[in-house]
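Colleague: Got a file for you: model_4.csv, CSV, N, CA and C atoms.
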```csv
chain,number,residue,atom,x,y,z
A,1,MET,N,42.4,21.2,84.7
A,1,MET,CA,40.9,21.3,84.5
A,1,MET,C,40.5,19.9,84.1
A,2,SER,N,39.3,19.6,84.6
A,2,SER,CA,38.7,18.3,84.2
A,2,SER,C,38.3,18.2,82.8
A,3,GLU,N,38.2,17.1,82.3
A,3,GLU,CA,37.9,16.9,80.9
A,3,GLU,C,36.5,17.4,80.6
A,4,GLU,N,35.6,17.3,81.5
A,4,GLU,CA,34.2,17.7,81.3
A,4,GLU,C,34.1,19.3,81.2
A,5,VAL,N,34.8,20.0,82.1
A,5,VAL,CA,34.8,21.4,82.0
A,5,VAL,C,35.5,21.9,80.7
A,6,GLN,N,36.5,21.3,80.3
A,6,GLN,CA,37.2,21.7,79.1
A,6,GLN,C,36.3,21.4,77.9
A,7,MET,N,35.5,20.3,77.9
A,7,MET,CA,34.6,20.1,76.8
A,7,MET,C,33.5,21.1,76.8
A,8,GLY,N,33.0,21.5,78.0
A,8,GLY,CA,32.0,22.5,78.1
A,8,GLY,C,32.4,23.8,77.6
A,9,LEU,N,33.6,24.2,77.9
A,9,LEU,CA,34.2,25.5,77.4
A,9,LEU,C,34.4,25.5,75.9
A,10,THR,N,34.8,24.4,75.4
A,10,THR,CA,35.0,24.2,73.9
A,10,THR,C,33.7,24.3,73.2
A,11,ILE,N,32.6,23.7,73.7
A,11,ILE,CA,31.3,23.8,73.1
A,11,ILE,C,30.8,25.2,73.2
A,12,MET,N,31.0,25.8,74.3
A,12,MET,CA,30.5,27.2,74.5
A,12,MET,C,31.2,28.1,73.5
A,13,ALA,N,32.5,28.0,73.3
A,13,ALA,CA,33.3,28.8,72.4
A,13,ALA,C,32.9,28.6,71.0
A,14,VAL,N,32.7,27.4,70.6
A,14,VAL,CA,32.2,27.1,69.2
A,14,VAL,C,30.8,27.7,69.0
A,15,GLY,N,30.0,27.6,70.0
A,15,GLY,CA,28.6,28.1,69.8
A,15,GLY,C,28.6,29.7,69.7
A,16,MET,N,29.5,30.3,70.5
A,16,MET,CA,29.5,31.8,70.5
A,16,MET,C,30.2,32.2,69.2
A,17,ILE,N,31.2,31.6,68.7
A,17,ILE,CA,31.8,31.9,67.4
A,17,ILE,C,30.8,31.7,66.3
A,18,THR,N,30.0,30.7,66.3
A,18,THR,CA,29.0,30.4,65.3
A,18,THR,C,27.9,31.5,65.3
A,19,VAL,N,27.4,31.9,66.4
A,19,VAL,CA,26.4,32.9,66.5
A,19,VAL,C,27.0,34.2,66.0
A,20,PHE,N,28.2,34.6,66.4
A,20,PHE,CA,28.8,35.8,65.9
A,20,PHE,C,29.0,35.8,64.4
A,21,ALA,N,29.4,34.7,63.9
A,21,ALA,CA,29.6,34.6,62.4
A,21,ALA,C,28.3,34.8,61.7
A,22,ILE,N,27.2,34.1,62.2
A,22,ILE,CA,25.9,34.2,61.5
A,22,ILE,C,25.4,35.6,61.6
A,23,LEU,N,25.5,36.2,62.8
A,23,LEU,CA,25.0,37.6,62.9
A,23,LEU,C,25.8,38.6,62.0
A,24,GLY,N,27.1,38.3,61.9
A,24,GLY,CA,27.9,39.1,61.0
A,24,GLY,C,27.4,39.0,59.5
A,25,MET,N,27.1,37.8,59.1
A,25,MET,CA,26.6,37.6,57.8
A,25,MET,C,25.2,38.2,57.6
A,26,VAL,N,24.4,38.2,58.6
A,26,VAL,CA,23.1,38.9,58.5
A,26,VAL,C,23.3,40.4,58.3
A,27,VAL,N,24.1,41.0,59.1
A,27,VAL,CA,24.4,42.4,59.0
A,27,VAL,C,25.0,42.8,57.6
A,28,LEU,N,26.0,42.0,57.2
A,28,LEU,CA,26.6,42.2,55.9
A,28,LEU,C,25.6,42.1,54.7
A,29,GLY,N,24.8,41.0,54.8
A,29,GLY,CA,23.8,40.8,53.8
A,29,GLY,C,22.8,42.0,53.8
A,30,GLY,N,22.4,42.5,54.9
A,30,GLY,CA,21.5,43.6,55.0
A,30,GLY,C,22.1,44.9,54.3
A,31,LYS,N,23.3,45.1,54.6
A,31,LYS,CA,24.0,46.3,54.1
A,31,LYS,C,24.1,46.2,52.6
A,32,ILE,N,24.5,45.0,52.1
A,32,ILE,CA,24.6,44.8,50.6
A,32,ILE,C,23.2,45.0,50.0
A,33,MET,N,22.2,44.4,50.6
A,33,MET,CA,20.9,44.6,50.0
A,33,MET,C,20.4,46.0,50.0
A,34,ILE,N,20.7,46.8,51.0
A,34,ILE,CA,20.4,48.2,51.0
A,34,ILE,C,21.1,48.9,49.9
A,35,VAL,N,22.4,48.7,49.7
A,35,VAL,CA,23.1,49.3,48.6
A,35,VAL,C,22.6,49.0,47.3
A,36,LEU,N,22.3,47.7,47.0
A,36,LEU,CA,21.8,47.3,45.7
A,36,LEU,C,20.4,47.8,45.5
A,37,ILE,N,19.5,47.9,46.5
A,37,ILE,CA,18.2,48.4,46.3
A,37,ILE,C,18.3,49.9,46.0
A,38,ASN,N,19.1,50.6,46.7
A,38,ASN,CA,19.2,52.0,46.5
A,38,ASN,C,19.8,52.3,45.1
A,39,LYS,N,20.7,51.4,44.6
A,39,LYS,CA,21.3,51.6,43.3
A,39,LYS,C,20.4,51.3,42.2
A,40,PHE,N,19.6,50.3,42.2
A,40,PHE,CA,18.9,49.8,41.1
A,40,PHE,C,17.4,50.1,41.1
A,41,ALA,N,16.8,50.4,42.3
A,41,ALA,CA,15.4,50.7,42.4
A,41,ALA,C,15.2,52.1,41.9
A,42,GLU,N,14.1,52.3,41.1
A,42,GLU,CA,13.9,53.7,40.6
A,42,GLU,C,12.9,54.3,41.6
A,43,GLU,N,13.1,55.6,41.7
A,43,GLU,CA,12.2,56.3,42.6
A,43,GLU,C,10.9,56.7,41.9
A,44,THR,N,9.8,56.5,42.5
A,44,THR,CA,8.5,57.0,41.8
A,44,THR,C,8.1,58.2,42.6
A,45,PRO,N,7.8,59.3,41.8
A,45,PRO,CA,7.3,60.5,42.5
A,45,PRO,C,5.9,60.3,43.0
A,46,VAL,N,5.7,60.8,44.2
A,46,VAL,CA,4.4,60.7,44.8
A,46,VAL,C,3.6,62.0,44.6
A,47,ALA,N,2.5,61.8,43.9
A,47,ALA,CA,1.6,62.9,43.6
A,47,ALA,C,0.6,63.1,44.8
A,48,ALA,N,0.7,64.2,45.4
A,48,ALA,CA,-0.2,64.5,46.5
A,48,ALA,C,-1.5,65.2,46.0
A,49,SER,N,-2.6,64.6,46.3
A,49,SER,CA,-3.9,65.2,45.9
A,49,SER,C,-4.2,66.4,46.8
A,50,ALA,N,-5.2,67.2,46.3
A,50,ALA,CA,-5.6,68.4,47.1
A,50,ALA,C,-6.3,67.9,48.4
A,51,HIS,N,-7.0,66.8,48.4
A,51,HIS,CA,-7.6,66.3,49.6
A,51,HIS,C,-6.6,65.9,50.6
A,52,ALA,N,-5.5,65.2,50.2
A,52,ALA,CA,-4.5,64.8,51.1
A,52,ALA,C,-3.8,66.0,51.7
A,53,GLN,N,-3.6,67.1,50.9
A,53,GLN,CA,-3.0,68.3,51.4
A,53,GLN,C,-3.9,69.0,52.5
A,54,ILE,N,-5.2,69.0,52.2
A,54,ILE,CA,-6.1,69.6,53.2
A,54,ILE,C,-6.1,68.8,54.5
A,55,ALA,N,-6.1,67.5,54.3
A,55,ALA,CA,-6.1,66.6,55.5
A,55,ALA,C,-4.8,66.8,56.3
A,56,THR,N,-3.7,67.0,55.6
A,56,THR,CA,-2.4,67.2,56.3
A,56,THR,C,-2.5,68.5,57.1
A,57,GLN,N,-3.0,69.6,56.4
A,57,GLN,CA,-3.1,70.9,57.1
A,57,GLN,C,-4.0,70.8,58.4
A,58,ALA,N,-5.1,70.0,58.3
A,58,ALA,CA,-6.0,69.9,59.4
A,58,ALA,C,-5.3,69.1,60.5
A,59,ILE,N,-4.5,68.1,60.2
A,59,ILE,CA,-3.7,67.4,61.2
A,59,ILE,C,-2.7,68.3,61.8
A,60,GLU,N,-2.0,69.1,61.0
A,60,GLU,CA,-1.0,70.0,61.5
A,60,GLU,C,-1.6,71.0,62.5
A,61,ASN,N,-2.8,71.6,62.1
A,61,ASN,CA,-3.4,72.5,63.0
A,61,ASN,C,-3.8,71.9,64.3
A,62,ALA,N,-4.3,70.6,64.2
A,62,ALA,CA,-4.7,69.9,65.4
A,62,ALA,C,-3.4,69.7,66.3
A,63,LYS,N,-2.3,69.3,65.7
A,63,LYS,CA,-1.1,69.1,66.4
A,63,LYS,C,-0.6,70.4,67.1
A,64,ILE,N,-0.7,71.5,66.4
A,64,ILE,CA,-0.3,72.8,66.9
A,64,ILE,C,-1.1,73.1,68.1
A,65,SER,N,-2.4,72.9,68.0
A,65,SER,CA,-3.3,73.2,69.1
A,65,SER,C,-3.0,72.4,70.4
A,66,VAL,N,-2.8,71.1,70.1
A,66,VAL,CA,-2.4,70.2,71.2
A,66,VAL,C,-1.1,70.6,71.9
A,67,LEU,N,-0.1,70.9,71.1
A,67,LEU,CA,1.2,71.4,71.6
A,67,LEU,C,1.0,72.7,72.4
A,68,ALA,N,0.3,73.6,71.9
A,68,ALA,CA,0.0,74.8,72.6
A,68,ALA,C,-0.6,74.6,74.0
A,69,SER,N,-1.6,73.7,74.0
A,69,SER,CA,-2.3,73.3,75.2
A,69,SER,C,-1.3,72.7,76.2
A,70,ILE,N,-0.5,71.8,75.7
A,70,ILE,CA,0.5,71.1,76.6
A,70,ILE,C,1.5,72.1,77.2
A,71,VAL,N,2.0,73.1,76.4
A,71,VAL,CA,2.9,74.1,76.9
A,71,VAL,C,2.2,74.9,77.9
A,72,THR,N,1.0,75.3,77.7
A,72,THR,CA,0.2,76.1,78.6
A,72,THR,C,0.1,75.4,80.0
A,73,VAL,N,-0.3,74.2,79.9
A,73,VAL,CA,-0.5,73.4,81.2
A,73,VAL,C,0.8,73.2,81.9
A,74,ILE,N,1.9,72.8,81.2
A,74,ILE,CA,3.1,72.5,81.9
A,74,ILE,C,3.7,73.8,82.5
A,75,THR,N,3.7,74.9,81.7
A,75,THR,CA,4.3,76.1,82.2
A,75,THR,C,3.3,77.0,83.0
A,76,LYS,N,2.1,76.5,83.3
A,76,LYS,CA,1.1,77.2,84.0
A,76,LYS,C,0.8,78.6,83.4
A,77,GLY,N,0.7,78.7,82.1
A,77,GLY,CA,0.4,79.9,81.4
A,77,GLY,C,1.5,80.8,81.1
A,78,LYS,N,2.7,80.5,81.6
A,78,LYS,CA,3.8,81.5,81.5
A,78,LYS,C,4.6,81.3,80.1
A,79,GLY,N,4.5,80.1,79.5
A,79,GLY,CA,5.2,79.8,78.3
A,79,GLY,C,4.3,79.9,77.1
A,80,LYS,N,4.9,80.2,75.9
A,80,LYS,CA,4.1,80.1,74.7
A,80,LYS,C,5.0,79.7,73.6
A,81,ILE,N,4.4,79.1,72.6
A,81,ILE,CA,5.2,78.6,71.4
A,81,ILE,C,5.4,79.7,70.5
A,82,THR,N,6.7,79.9,70.1
A,82,THR,CA,7.1,81.0,69.2
A,82,THR,C,7.5,80.5,67.8
A,83,LYS,N,8.0,79.2,67.8
A,83,LYS,CA,8.4,78.6,66.6
A,83,LYS,C,8.4,77.1,66.7
A,84,ILE,N,7.9,76.5,65.6
A,84,ILE,CA,7.9,75.0,65.5
A,84,ILE,C,8.8,74.6,64.4
A,85,LYS,N,9.8,73.8,64.6
A,85,LYS,CA,10.7,73.4,63.6
A,85,LYS,C,10.8,71.9,63.6
A,86,LYS,N,10.6,71.3,62.4
A,86,LYS,CA,10.7,69.8,62.3
A,86,LYS,C,12.1,69.4,62.2
A,87,LEU,N,12.5,68.5,63.1
A,87,LEU,CA,13.9,68.0,63.1
A,87,LEU,C,14.1,66.9,62.2
```
Could you render the structure as structure tokens?

Modeller:
Amino acid sequence: MSEEVQMGLTIMAVGMITVFAILGMVVLGGKIMIVLINKFAEETPVAASAHAQIATQAIENAKISVLASIVTVITKGKGKITKIKKL
């Protein structure tokens, strides 16, 4: 191999190893940060107001209506929703 090709391959290898190492440190740092935050952060209970609950019910009813319409259109009136389960 010529000296130029060998130098190019060496630079490429060093660059790829450097990128891999830095990305590994980012992933490891993220995982450590998640563990520490979950360990030391205190959970604050969220109080839902009556207005928020009513708005949520209205949104849910609207979503159910839209889903029923979509099922009717797609199945040409032959299908109907019997159960909705959140995954």

Colleague: Quick check, in Å to one decimal: how far apart do CA of Ile22 in chain A and atom C of Asn38 in chain A lie?

Modeller: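 So the two atoms, CA of Ile22 in chain A and atom C of Asn38 in chain A, lie 25.2 Å apart.
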
Colleague: Can you check which residues of range 2-85 of chain A DSSP gives as alpha helix (DSSP H) on the backbone and send them as a PyMOL selection string?

Modeller: chain A and resi 3-40+50-75

Colleague: Please compute the CA of Gln6 in chain A-CA of Gly24 in chain A distance, one decimal, in Å.

Modeller: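 One can read the CA of Gln6 in chain A to CA of Gly24 in chain A distance as 26.8 Å.
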
Colleague: Quick check, in Å to one decimal: how far apart do CA of Ala68 in chain A and CA of Lys80 in chain A lie?

Modeller: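 That distance, rounded to one decimal, is 7.0 Å.
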